[in-house]
$ cat structure.txt   # compact mmCIF, C-alpha atoms
# COMPACT_ATOMS: atom_id res chain seq x y z
CA MET A 1 -19.01 -2.44 -15.12
CA SER A 2 -17.77 -1.96 -18.66
CA GLU A 3 -17.97 -4.62 -21.32
CA SER A 4 -15.77 -7.03 -19.44
CA ALA A 5 -16.66 -10.68 -19.76
CA VAL A 6 -14.82 -11.45 -16.56
CA PHE A 7 -17.98 -11.31 -14.53
CA CYS A 8 -18.25 -11.81 -10.81
CA ASP A 9 -21.34 -12.48 -8.79
CA GLU A 10 -22.04 -12.15 -5.10
CA ARG A 11 -20.55 -15.55 -4.39
CA HIS A 12 -17.57 -15.61 -6.68
CA CYS A 13 -14.97 -13.11 -7.80
CA ILE A 14 -13.24 -14.84 -10.64
CA THR A 15 -10.17 -12.65 -10.48
CA CYS A 16 -9.72 -13.37 -6.78
CA GLY A 17 -10.34 -17.02 -7.58
CA ASP A 18 -7.34 -17.29 -9.90
CA ASP A 19 -9.76 -18.28 -12.63
CA GLY A 20 -8.82 -18.35 -16.28
CA GLU A 21 -11.56 -17.62 -18.78
CA PRO A 22 -11.24 -19.12 -22.30
CA MET A 23 -11.98 -16.27 -24.73
CA THR A 24 -11.86 -16.05 -28.51
CA VAL A 25 -10.06 -13.22 -30.30
CA VAL A 26 -12.49 -11.23 -32.47
CA ALA A 27 -10.39 -8.11 -33.21
CA ILE A 28 -6.76 -7.14 -32.74
CA ASP A 29 -5.06 -3.79 -32.08
CA PRO A 30 -1.39 -4.80 -32.49
CA ALA A 31 -0.09 -1.25 -32.06
CA ARG A 32 -1.49 -1.10 -28.52
CA GLY A 33 -0.99 -4.77 -27.64
CA LEU A 34 -4.70 -5.27 -27.11
CA ALA A 35 -7.35 -7.60 -28.49
CA LEU A 36 -11.12 -7.66 -28.28
CA CYS A 37 -12.13 -11.10 -27.07
CA ALA A 38 -15.46 -12.86 -26.58
CA ASP A 39 -16.29 -15.49 -23.97
CA VAL A 40 -18.54 -18.47 -24.67
CA SER A 41 -21.67 -16.43 -23.96
CA GLY A 42 -20.61 -13.78 -26.47
CA SER A 43 -19.72 -11.11 -23.89
CA ARG A 44 -16.71 -9.09 -24.98
CA ALA A 45 -13.75 -7.58 -23.18
CA THR A 46 -10.55 -5.77 -24.05
CA VAL A 47 -7.60 -8.01 -23.27
CA GLU A 48 -3.86 -7.42 -22.90
CA THR A 49 -2.01 -9.74 -25.27
CA ALA A 50 1.63 -8.91 -24.50
CA LEU A 51 2.26 -12.23 -22.76
CA VAL A 52 0.97 -14.47 -25.56
CA GLU A 53 1.80 -12.68 -28.80
CA PRO A 54 1.47 -13.31 -31.64
CA VAL A 55 -2.28 -13.76 -31.59
CA ALA A 56 -4.58 -14.23 -34.55
CA LEU A 57 -8.30 -13.84 -35.09
CA GLY A 58 -10.07 -16.93 -33.80
CA ASP A 59 -7.37 -17.87 -31.30
CA VAL A 60 -8.65 -19.05 -27.91
CA LEU A 61 -6.81 -17.36 -25.06
CA LEU A 62 -6.87 -18.06 -21.35
CA VAL A 63 -7.70 -14.68 -19.79
CA HIS A 64 -7.16 -13.67 -16.18
CA ALA A 65 -7.75 -10.13 -14.83
CA GLY A 66 -7.95 -8.70 -18.34
CA THR A 67 -4.67 -10.27 -19.44
CA ALA A 68 -4.19 -13.30 -21.67
CA ILE A 69 -1.81 -15.62 -19.82
CA ALA A 70 -1.78 -18.58 -22.23
CA HIS A 71 -3.14 -19.89 -25.47
CA GLY A 72 -6.08 -21.70 -23.94
CA ALA A 73 -6.71 -24.41 -26.47
CA SER A 74 -3.20 -25.65 -26.92
CA MET B 1 -19.22 -26.40 -24.49
CA LYS B 2 -15.86 -27.13 -26.03
CA TYR B 3 -12.90 -27.39 -23.60
CA VAL B 4 -15.26 -27.76 -20.64
CA ASP B 5 -17.66 -30.68 -21.16
CA GLU B 6 -14.77 -33.08 -21.70
CA PHE B 7 -13.59 -32.36 -18.17
CA ARG B 8 -16.98 -32.77 -16.50
CA ASP B 9 -17.93 -36.15 -17.95
CA ALA B 10 -19.70 -38.12 -15.21
CA GLU B 11 -18.77 -41.56 -16.56
CA LEU B 12 -15.10 -40.65 -16.75
CA GLY B 13 -15.36 -39.16 -13.27
CA ARG B 14 -16.69 -42.45 -11.88
CA ALA B 15 -13.87 -44.33 -13.60
CA VAL B 16 -11.23 -42.04 -12.10
CA ALA B 17 -12.88 -42.29 -8.67
CA ALA B 18 -12.67 -46.08 -8.97
CA GLU B 19 -8.99 -45.79 -9.84
CA ILE B 20 -8.45 -43.65 -6.73
CA LEU B 21 -10.11 -46.36 -4.65
CA SER B 22 -7.81 -48.97 -6.15
CA LEU B 23 -4.71 -46.93 -5.25
CA VAL B 24 -5.37 -46.34 -1.55
CA GLU B 25 -4.08 -48.73 1.09
CA PRO B 26 -6.77 -49.69 3.59
CA GLY B 27 -5.91 -48.39 7.03
CA ARG B 28 -3.70 -45.58 5.75
CA HIS B 29 -4.96 -41.99 6.00
CA TYR B 30 -3.96 -39.68 3.16
CA LYS B 31 -3.88 -35.90 3.52
CA VAL B 32 -3.56 -33.99 0.25
CA MET B 33 -3.46 -30.19 0.23
CA GLU B 34 -4.99 -28.26 -2.64
CA VAL B 35 -2.87 -25.13 -2.63
CA CYS B 36 -5.14 -22.90 -4.68
CA GLY B 37 -8.42 -21.34 -3.59
CA GLY B 38 -9.77 -21.96 -7.08
CA HIS B 39 -9.36 -25.69 -6.45
CA THR B 40 -11.13 -25.36 -3.10
CA HIS B 41 -14.02 -23.68 -4.87
CA SER B 42 -14.22 -26.42 -7.52
CA ILE B 43 -13.98 -29.22 -4.96
CA TYR B 44 -17.08 -28.04 -3.11
CA LYS B 45 -18.93 -26.76 -6.15
CA TYR B 46 -18.71 -30.16 -7.84
CA GLY B 47 -18.75 -32.31 -4.72
CA ILE B 48 -15.39 -33.85 -5.54
CA ASP B 49 -14.70 -34.74 -1.90
CA ASP B 50 -17.82 -36.92 -1.94
CA LEU B 51 -16.25 -39.06 -4.66
CA LEU B 52 -13.20 -39.84 -2.56
CA PRO B 53 -12.70 -42.73 -0.15
CA ALA B 54 -13.07 -41.72 3.49
CA ASN B 55 -9.35 -42.13 4.09
CA VAL B 56 -8.40 -39.55 1.44
CA GLU B 57 -8.68 -36.13 3.04
CA LEU B 58 -8.38 -32.86 1.14
CA VAL B 59 -6.77 -30.07 3.13
CA HIS B 60 -7.32 -26.50 2.01
CA GLY B 61 -4.21 -24.43 1.47
CA PRO B 62 -3.31 -20.75 1.65
CA GLY B 63 -3.87 -19.98 -2.04
CA CYS B 64 -6.83 -17.61 -1.79
CA PRO B 65 -5.52 -14.10 -2.50
CA VAL B 66 -8.23 -12.42 -0.44
CA CYS B 67 -7.99 -14.75 2.55
CA VAL B 68 -4.36 -13.95 3.24
CA ILE B 69 -4.69 -10.14 3.34
CA PRO B 70 -4.15 -8.94 6.93
CA MET B 71 -6.44 -6.43 8.58
CA GLY B 72 -3.82 -3.70 8.69
CA ARG B 73 -3.54 -3.83 4.92
CA VAL B 74 -7.30 -3.28 4.58
CA ASP B 75 -7.00 -0.32 6.95
CA ASP B 76 -4.23 1.10 4.74
CA GLY B 77 -6.49 0.75 1.70
CA ILE B 78 -9.37 2.51 3.45
CA ALA B 79 -7.03 5.32 4.52
CA LEU B 80 -6.03 5.83 0.90
CA ALA B 81 -9.65 5.64 -0.25
CA LEU B 82 -10.61 8.41 2.16
CA GLY B 83 -8.01 10.76 0.69
CA GLU B 84 -9.29 13.93 -0.95
CA GLY B 85 -10.05 13.48 -4.63
CA VAL B 86 -9.18 9.78 -4.63
CA ILE B 87 -11.02 7.12 -6.60
CA PHE B 88 -10.05 3.80 -5.04
CA THR B 89 -10.42 0.68 -7.19
CA CYS B 90 -10.22 -2.99 -6.23
CA PHE B 91 -11.44 -6.46 -7.14
CA GLY B 92 -14.89 -7.55 -5.99
CA ASP B 93 -14.13 -9.79 -3.05
CA MET B 94 -11.66 -7.32 -1.60
CA MET B 95 -14.52 -4.90 -0.93
CA ARG B 96 -15.91 -7.13 1.84
CA VAL B 97 -12.71 -8.01 3.69
CA PRO B 98 -13.04 -6.64 7.22
CA GLY B 99 -10.46 -4.22 8.54
CA SER B 100 -10.27 -3.07 12.13
CA ASN B 101 -12.93 -0.43 11.44
CA GLY B 102 -15.08 -2.03 8.79
CA SER B 103 -14.53 -2.95 5.16
CA LEU B 104 -14.02 -1.01 1.96
CA LEU B 105 -17.71 -1.60 1.30
CA ASP B 106 -18.52 0.12 4.61
CA ALA B 107 -16.23 3.01 3.64
CA LYS B 108 -18.02 3.25 0.31
CA ALA B 109 -21.35 3.40 2.13
CA ASP B 110 -19.92 6.24 4.19
CA GLY B 111 -19.17 8.22 1.04
CA ALA B 112 -15.70 7.17 -0.14
CA ASP B 113 -15.43 6.78 -3.92
CA ILE B 114 -14.54 3.09 -4.11
CA ARG B 115 -15.22 1.20 -7.31
CA MET B 116 -15.06 -2.49 -8.16
CA VAL B 117 -13.03 -3.41 -11.23
CA TYR B 118 -12.45 -6.69 -13.03
CA SER B 119 -8.93 -5.91 -14.17
CA PRO B 120 -6.15 -3.37 -13.60
CA LEU B 121 -6.86 -2.18 -17.13
CA ASP B 122 -10.36 -1.15 -15.99
CA ALA B 123 -8.76 0.92 -13.21
CA LEU B 124 -6.44 2.61 -15.71
CA ARG B 125 -9.43 3.40 -17.91
CA ILE B 126 -11.11 5.11 -14.93
CA ALA B 127 -7.94 7.17 -14.42
CA LYS B 128 -7.96 8.30 -18.04
CA GLN B 129 -11.64 9.22 -17.76
CA ASN B 130 -11.02 11.25 -14.57
CA PRO B 131 -7.81 13.22 -15.14
CA ASP B 132 -8.58 15.59 -12.24
CA ARG B 133 -8.79 12.73 -9.71
CA GLU B 134 -6.15 10.41 -8.24
CA VAL B 135 -7.02 6.81 -9.07
CA VAL B 136 -5.49 4.11 -6.86
CA PHE B 137 -5.66 0.41 -7.72
CA PHE B 138 -5.48 -2.07 -4.81
CA ALA B 139 -3.52 -4.91 -6.37
CA ILE B 140 -3.89 -8.34 -4.77
CA GLY B 141 -3.25 -11.85 -5.97
CA PHE B 142 -0.57 -14.40 -6.62
CA GLU B 143 1.67 -14.72 -9.67
CA THR B 144 -1.41 -15.26 -11.87
CA THR B 145 -2.54 -11.68 -11.35
CA ALA B 146 0.75 -9.86 -10.78
CA PRO B 147 1.73 -9.76 -14.51
CA SER B 148 -1.58 -8.05 -15.28
CA THR B 149 -0.78 -5.32 -12.74
CA ALA B 150 2.78 -5.02 -14.07
CA LEU B 151 1.59 -4.62 -17.67
CA THR B 152 -0.92 -1.97 -16.61
CA LEU B 153 1.75 0.02 -14.75
CA LYS B 154 3.96 -0.11 -17.84
CA ARG B 155 1.00 1.00 -19.96
CA ALA B 156 0.22 3.87 -17.54
CA ARG B 157 3.77 5.13 -17.93
CA ALA B 158 3.82 4.66 -21.71
CA GLU B 159 0.54 6.53 -22.10
CA GLY B 160 1.55 9.28 -19.66
CA VAL B 161 -1.30 8.68 -17.21
CA GLU B 162 -0.01 10.60 -14.20
CA ASN B 163 -3.04 10.29 -11.92
CA PHE B 164 -2.80 6.50 -11.62
CA SER B 165 -0.99 4.54 -8.92
CA CYS B 166 -1.06 1.12 -7.33
CA MET B 167 -1.09 -0.16 -3.75
CA CYS B 168 0.72 -3.41 -4.29
CA SER B 169 -0.25 -6.38 -2.11
CA HIS B 170 0.74 -9.13 -4.52
CA VAL B 171 2.14 -12.28 -2.93
CA THR B 172 4.14 -15.26 -4.10
CA ILE B 173 3.20 -18.90 -3.62
CA VAL B 174 6.44 -20.68 -2.80
CA PRO B 175 7.38 -19.01 0.57
CA PRO B 176 4.05 -19.86 2.30
CA LEU B 177 4.30 -23.45 1.04
CA ARG B 178 7.77 -23.74 2.53
CA ALA B 179 6.45 -22.22 5.78
CA LEU B 180 3.64 -24.79 5.85
CA LEU B 181 6.05 -27.64 5.21
CA GLU B 182 8.18 -26.44 8.12
CA SER B 183 5.13 -26.26 10.38
CA PRO B 184 5.29 -28.91 13.11
CA ASP B 185 1.50 -29.25 13.46
CA LEU B 186 0.76 -30.30 9.89
CA ARG B 187 1.37 -33.66 8.25
CA LEU B 188 0.68 -33.82 4.52
CA ASP B 189 1.17 -36.59 1.97
CA GLY B 190 1.11 -34.50 -1.20
CA PHE B 191 0.07 -31.30 -2.94
CA ILE B 192 -2.30 -30.43 -5.75
CA GLY B 193 -0.29 -27.63 -7.35
CA PRO B 194 -1.94 -24.36 -8.43
CA GLY B 195 -2.89 -24.42 -12.11
CA HIS B 196 -2.93 -20.80 -13.20
CA VAL B 197 -0.08 -19.66 -10.95
CA SER B 198 1.92 -22.40 -12.68
CA THR B 199 0.92 -21.04 -16.09
CA ILE B 200 3.07 -18.06 -15.11
CA VAL B 201 5.83 -19.58 -12.94
CA GLY B 202 5.95 -23.06 -14.50
CA ALA B 203 6.54 -26.35 -12.70
CA ARG B 204 10.15 -25.75 -11.72
CA PRO B 205 9.50 -23.64 -8.53
CA PHE B 206 7.67 -26.59 -6.94
CA GLU B 207 10.55 -29.03 -7.31
CA PHE B 208 11.79 -28.20 -3.81
CA ILE B 209 8.74 -29.98 -2.38
CA PRO B 210 9.75 -33.50 -3.52
CA ALA B 211 13.47 -32.69 -3.35
CA ASP B 212 13.59 -31.19 0.15
CA TYR B 213 10.47 -32.58 1.82
CA GLY B 214 9.80 -35.84 -0.02
CA LYS B 215 6.21 -34.99 -1.00
CA PRO B 216 4.64 -35.52 -4.44
CA VAL B 217 3.10 -32.60 -6.34
CA ALA B 218 0.57 -32.71 -9.18
CA ILE B 219 -0.18 -29.39 -10.86
CA ALA B 220 -3.84 -29.46 -11.83
CA GLY B 221 -6.52 -27.64 -13.78
CA PHE B 222 -9.81 -26.57 -12.25
CA GLU B 223 -12.38 -28.87 -13.81
CA PRO B 224 -13.60 -31.88 -11.80
CA LEU B 225 -11.67 -34.43 -13.86
CA ASP B 226 -8.51 -32.31 -13.62
CA ILE B 227 -8.61 -32.45 -9.84
CA LEU B 228 -9.54 -36.13 -9.67
CA GLN B 229 -6.72 -37.00 -12.07
CA ALA B 230 -4.25 -34.99 -9.98
CA ILE B 231 -5.28 -37.03 -6.94
CA VAL B 232 -4.64 -40.21 -8.96
CA LEU B 233 -1.16 -38.94 -9.88
CA ILE B 234 -0.33 -38.21 -6.23
CA LEU B 235 -1.68 -41.53 -4.95
CA ARG B 236 0.13 -43.43 -7.70
CA GLN B 237 3.42 -41.76 -6.76
CA LEU B 238 2.84 -42.72 -3.13
CA ALA B 239 1.94 -46.30 -4.09
CA GLU B 240 5.03 -46.65 -6.28
CA GLY B 241 7.36 -44.91 -3.84
CA ARG B 242 8.05 -42.08 -6.28
CA CYS B 243 8.21 -38.42 -5.43
CA GLU B 244 8.25 -35.71 -8.12
CA VAL B 245 6.37 -32.80 -9.68
CA GLU B 246 3.88 -33.99 -12.29
CA ASN B 247 1.94 -31.69 -14.56
CA GLN B 248 -1.68 -32.67 -15.11
CA TYR B 249 -2.48 -29.23 -16.62
CA LYS B 250 -0.11 -29.41 -19.58
CA ARG B 251 -2.67 -27.81 -21.86
CA VAL B 252 -1.79 -24.40 -20.39
CA VAL B 253 1.17 -24.97 -18.03
CA PRO B 254 4.59 -25.14 -19.70
CA TYR B 255 7.43 -26.46 -17.56
CA GLU B 256 9.33 -23.16 -17.70
CA GLY B 257 6.20 -20.96 -17.25
CA ASN B 258 5.48 -17.79 -19.21
CA LEU B 259 8.88 -16.16 -19.62
CA ARG B 260 7.47 -12.85 -20.80
CA ALA B 261 5.32 -12.63 -17.68
CA LEU B 262 8.29 -13.41 -15.46
CA GLU B 263 10.34 -10.73 -17.23
CA VAL B 264 7.70 -8.02 -16.83
CA MET B 265 7.23 -8.93 -13.16
CA ALA B 266 10.98 -8.72 -12.57
CA GLU B 267 11.05 -5.30 -14.22
CA VAL B 268 8.13 -3.75 -12.31
CA PHE B 269 8.26 -5.51 -8.92
CA GLU B 270 10.80 -6.47 -6.32
CA LEU B 271 10.50 -8.78 -3.34
CA ARG B 272 9.65 -7.25 0.01
CA PRO B 273 11.97 -8.39 2.81
CA HIS B 274 8.88 -9.79 4.53
CA PHE B 275 5.12 -9.59 4.21
CA GLU B 276 2.38 -10.31 6.72
CA TRP B 277 -0.06 -13.09 5.87
CA ARG B 278 -3.41 -13.36 7.58
CA GLY B 279 -3.14 -16.09 10.19
CA LEU B 280 0.35 -17.12 9.11
CA GLY B 281 2.30 -14.10 10.34
CA PHE B 282 5.30 -12.56 8.59
CA ILE B 283 6.90 -14.67 5.86
CA SER B 284 10.23 -13.65 4.34
CA HIS B 285 10.33 -12.70 0.66
CA SER B 286 6.69 -13.59 0.18
CA GLY B 287 5.29 -10.26 -1.03
CA LEU B 288 5.94 -7.96 -3.96
CA ARG B 289 6.32 -4.20 -3.98
CA ILE B 290 6.76 -1.79 -6.83
CA SER B 291 10.41 -1.42 -7.80
CA ASP B 292 12.33 1.84 -7.56
CA ALA B 293 12.22 2.09 -11.34
CA TYR B 294 8.44 2.53 -11.15
CA ALA B 295 8.36 4.46 -7.86
CA GLU B 296 6.12 7.22 -9.20
CA LEU B 297 3.34 4.62 -9.69
CA ASP B 298 3.56 3.33 -6.11
CA ALA B 299 0.59 4.63 -4.09
CA GLU B 300 2.40 3.87 -0.83
CA ARG B 301 5.17 6.30 -1.82
CA ARG B 302 2.85 8.86 -3.38
CA PHE B 303 0.49 9.01 -0.38
CA SER B 304 0.82 8.47 3.34
CA VAL B 305 -0.50 5.13 4.63
CA PRO B 306 -0.73 4.17 8.32
CA GLY B 307 1.05 0.84 7.88
CA VAL B 308 -0.13 -0.30 11.30
CA ARG B 309 -0.19 -3.98 12.11
CA VAL B 310 -3.59 -5.07 13.44
CA ALA B 311 -4.03 -8.35 15.27
CA ASP B 312 -6.62 -10.77 13.91
CA PRO B 313 -9.91 -10.95 15.87
CA LYS B 314 -9.57 -13.37 18.77
CA ALA B 315 -12.60 -15.40 17.78
CA CYS B 316 -11.30 -15.93 14.24
CA GLN B 317 -9.39 -19.14 13.46
CA CYS B 318 -8.55 -18.35 9.82
CA GLY B 319 -4.90 -19.05 10.54
CA GLU B 320 -5.59 -22.65 11.53
CA VAL B 321 -7.94 -23.07 8.57
CA LEU B 322 -5.35 -21.65 6.16
CA LYS B 323 -2.76 -24.07 7.50
CA GLY B 324 -5.20 -26.96 7.26
CA VAL B 325 -4.93 -27.64 10.98
CA ILE B 326 -8.69 -27.39 11.50
CA LYS B 327 -11.64 -27.73 9.15
CA PRO B 328 -13.83 -24.66 8.64
CA TRP B 329 -16.72 -26.08 10.67
CA GLU B 330 -14.41 -26.58 13.62
CA CYS B 331 -13.97 -22.80 13.98
CA LYS B 332 -15.91 -21.44 16.94
CA VAL B 333 -17.71 -18.78 14.91
CA PHE B 334 -18.29 -20.68 11.63
CA GLY B 335 -21.81 -20.18 10.33
CA THR B 336 -22.94 -18.32 13.44
CA ALA B 337 -21.15 -15.04 14.13
CA CYS B 338 -19.17 -15.44 10.90
CA THR B 339 -21.13 -15.81 7.64
CA PRO B 340 -20.52 -14.64 4.04
CA GLU B 341 -22.93 -11.77 4.70
CA ARG B 342 -21.11 -10.64 7.87
CA PRO B 343 -17.64 -12.21 7.74
CA ILE B 344 -15.28 -11.97 10.67
CA GLY B 345 -12.45 -13.78 8.96
CA THR B 346 -11.21 -13.55 5.40
CA CYS B 347 -11.80 -17.25 4.70
CA MET B 348 -15.52 -16.48 4.85
CA VAL B 349 -15.28 -13.54 2.41
CA SER B 350 -14.18 -15.01 -0.87
CA SER B 351 -15.89 -18.09 -2.22
CA GLU B 352 -12.38 -19.43 -2.77
CA GLY B 353 -11.95 -19.25 0.97
CA ALA B 354 -12.42 -22.64 2.60
CA CYS B 355 -15.08 -21.40 5.03
CA ALA B 356 -17.22 -19.69 2.39
CA ALA B 357 -16.85 -22.70 0.08
CA TYR B 358 -18.21 -24.97 2.81
CA TYR B 359 -20.92 -22.50 3.72
CA ASN B 360 -22.09 -21.71 0.18
CA PHE B 361 -22.25 -25.28 -1.06
CA GLY B 362 -23.79 -26.73 2.07
CA ARG B 363 -21.07 -29.23 2.84
CA PHE B 364 -22.05 -29.75 6.43
CA ALA B 365 -22.13 -33.54 6.34
CA ARG B 366 -19.03 -34.82 8.07
CA GLU B 367 -19.75 -38.51 7.78
CA ARG B 368 -19.10 -39.98 4.38
CA GLU B 369 -19.34 -43.49 3.07
CA VAL B 370 -16.55 -45.14 1.15
CA VAL B 371 -17.33 -44.98 -2.60
$ encode --input "structure.txt" --output "structure tokens"
Amino acid sequence: MSESAVFCDERHCITCGDDGEPMTVVAIDPARGLALCADVSGSRATVETALVEPVALGDVLLVHAGTAIAHGAS
Amino acid sequence: MKYVDEFRDAELGRAVAAEILSLVEPGRHYKVMEVCGGHTHSIYKYGIDDLLPANVELVHGPGCPVCVIPMGRVDDGIALALGEGVIFTCFGDMMRVPGSNGSLLDAKADGADIRMVYSPLDALRIAKQNPDREVVFFAIGFETTAPSTALTLKRARAEGVENFSCMCSHVTIVPPLRALLESPDLRLDGFIGPGHVSTIVGARPFEFIPADYGKPVAIAGFEPLDILQAIVLILRQLAEGRCEVENQYKRVVPYEGNLRALEVMAEVFELRPHFEWRGLGFISHSGLRISDAYAELDAERRFSVPGVRVADPKACQCGEVLKGVIKPWECKVFGTACTPERPIGTCMVSSEGACAAYYNFGRFAREREVV
């Protein structure tokens, strides 16, 4: 499915698991409130940033279900 | 790996385990509930329970979003998925939750167009790619996930995506905790508070637990040292006769929560008068539905759903497991008729479910030695 870095496997759905994935901002689309973020393995996903704005390139965000819920490295 | 290795350090883990041992009173039995399914998963994945003294027992709470979905709700989802021209989308684990006539995965095998997504945004993307189809997103989860659904519904409206709607089964964490605390058959000494739910709601909503019930709470992250440290905080409170909410996960949990998330949830959702929880029955004000202001995005108003209550299978003891009254292996069908491949109960579906966590990580040994 898509380019999402929020991967699940047969034993673990990380959205259902209330997981938060630390991801780094690599591009920002401020007009749409979206950012392209990469996880530690380099996989990229489009992420909603409305809850944590402002965000800057290089910020580490805690991402759950495609939405950044916190600045992950604070 | 930065931000992870620091919280998996074996030497530090041994030191914290030793501190736990120093805090327990011999002869006293401690029962600590980890509220969140993510914690349950971590506890068995990393063998955290094996580091604890035998008289510190971890009890698994109701915080697995999949485990608490009742069968009737799955049936409603399947009914929507079978609608003409519908693309039904849901998170991965939800596909395998049994309804009264099979799961969404079974319906997919029978020809329904059901697709797994990783986020509500993925579901909206499918709607934009298929303007001639109705795309329904089955929203589940606690306050961690609800803001994501709310933002996507706002985005659908802003972008004029008219073929997208949501079947909202989001739930809230405080009402089931209060129900558990009122339960006469459960005695607990403290709670490990849910980390990512608290990122959204903050620490304040848990203050009723020490204030009204005299139990300590430690909000914790999901790495092994996070959970061990939370247990230290709880045991230290008990040893010192204190009782309060402590925040072990300060790196992402502010006391007041994420105010923007709370605002968007308040705009898009409203509390249901009551909502049925698997094994726990109906709990007042414990579920969210889409508010009147966003009615056109509510799949339950756009389409007809049966809305029939279905009793849990008689053999299934998920309710007792969710309340921490019995351990997963004490269920009559654990590991025999009920396995992750062919689950009868929801606790065996998601790996955050206590039964699947036990099953997947092979925690069958019931006799442990004191560390």
$ atom_distance --input "structure.txt" --atom1 "atom CA of Val305 of chain B" --atom2 "atom CA of Ser119 of chain B"
23.4 Å
$ interface_residues --input "structure.txt" --of "chain B" --to "chain A" --cutoff "7 Å" --atoms "only C-alpha atoms" --output "JSON, numbers by chain"
{"B": [37, 38, 64, 65, 66, 92, 93, 118, 119, 121, 141, 144, 145, 148, 196, 251, 252, 260, 261, 350, 351, 352]}
$ residues_around --input "structure.txt" --residues "Phe88 of chain B" --least-positions-apart "5" --cutoff "8 Å" --atoms "all atoms listed in the file" --output "list of chain:residue names"
B:Leu80, B:Ala81, B:Asp113, B:Ile114, B:Arg115, B:Val135, B:Val136, B:Phe137, B:Phe138
$ residues_around --input "structure.txt" --residues "segment 55-60 of chain B" --least-positions-apart "6" --cutoff "6 Å" --atoms "all atoms listed in the file" --output "ChimeraX atom specification"
/B:29-34,324
$ residues_around --input "structure.txt" --residues "Pro176 of chain B" --least-positions-apart "5" --cutoff "8 Å" --atoms "all atoms listed in the file" --output "PyMOL selection string"
chain B and resi 62+283+286
$ residues_around --input "structure.txt" --residues "Phe206 of chain B" --least-positions-apart "5" --cutoff "8 Å" --atoms "all atoms listed in the file" --output "PyMOL selection string"
chain B and resi 174+217+245
$ atom_distance --input "structure.txt" --atom1 "atom CA of Gly257 of chain B" --atom2 "atom CA of Cys36 of chain B"
17.0 Å
$ residues_around --input "structure.txt" --residues "segment 16-18 of chain B" --least-positions-apart "2" --cutoff "8 Å" --atoms "only C-alpha atoms" --output "list in words"
Leu12, Gly13, Arg14, Ile20, Leu21, Ser22, Leu51, Leu52, Leu225, Leu228, Gln229, Val232 and Val371 of chain B
$ atom_distance --input "structure.txt" --atom1 "atom CA of Gly287 of chain B" --atom2 "atom CA of Ala179 of chain B"
13.8 Å
$ residues_near_point --input "structure.txt" --point "(-18.3, 0.8, 0.3)" --cutoff "12 Å" --atoms "all atoms listed in the file" --output "ChimeraX atom specification"
/B:77-78,81-82,87-90,92-98,102-116
$ write_last_selection --input "structure.txt" --atoms "C-alpha atoms" --output "short mmCIF file (atom, residue, chain, number, x, y, z; two decimals), keeping the file's coordinate frame"
data_model
loop_
_atom_site.label_atom_id
_atom_site.label_comp_id
_atom_site.auth_asym_id
_atom_site.auth_seq_id
_atom_site.Cartn_x
_atom_site.Cartn_y
_atom_site.Cartn_z
CA GLY B 77 -6.49 0.75 1.70
CA ILE B 78 -9.37 2.51 3.45
CA ALA B 81 -9.65 5.64 -0.25
CA LEU B 82 -10.61 8.41 2.16
CA ILE B 87 -11.02 7.12 -6.60
CA PHE B 88 -10.05 3.80 -5.04
CA THR B 89 -10.42 0.68 -7.19
CA CYS B 90 -10.22 -2.99 -6.23
CA GLY B 92 -14.89 -7.55 -5.99
CA ASP B 93 -14.13 -9.79 -3.05
CA MET B 94 -11.66 -7.32 -1.60
CA MET B 95 -14.52 -4.90 -0.93
CA ARG B 96 -15.91 -7.13 1.84
CA VAL B 97 -12.71 -8.01 3.69
CA PRO B 98 -13.04 -6.64 7.22
CA GLY B 102 -15.08 -2.03 8.79
CA SER B 103 -14.53 -2.95 5.16
CA LEU B 104 -14.02 -1.01 1.96
CA LEU B 105 -17.71 -1.60 1.30
CA ASP B 106 -18.52 0.12 4.61
CA ALA B 107 -16.23 3.01 3.64
CA LYS B 108 -18.02 3.25 0.31
CA ALA B 109 -21.35 3.40 2.13
CA ASP B 110 -19.92 6.24 4.19
CA GLY B 111 -19.17 8.22 1.04
CA ALA B 112 -15.70 7.17 -0.14
CA ASP B 113 -15.43 6.78 -3.92
CA ILE B 114 -14.54 3.09 -4.11
CA ARG B 115 -15.22 1.20 -7.31
CA MET B 116 -15.06 -2.49 -8.16
#
$ axis_aligned_box --input "structure.txt" --around "segment 263-271 of chain B" --padding-each-side "3 Å" --output "AutoDock Vina command-line options"
--center_x 9.1 --center_y -7.2 --center_z -10.3 --size_x 9.8 --size_y 13.0 --size_z 19.9
$ residues_near_point --input "structure.txt" --point "(-4.0, -8.8, 15.7)" --cutoff "10 Å" --atoms "all atoms listed in the file" --output "list in words"
Pro70, Met71, Gly72, Ser100, Arg278, Gly279, Gly281, Arg309, Val310, Ala311, Asp312, Pro313 and Lys314 of chain B
$ closest_residue --input "structure.txt" --among "B:Arg289, B:His170, B:Lys45, B:Lys215" --to "Leu188 of chain B" --atoms "only C-alpha atoms"
B:Lys215
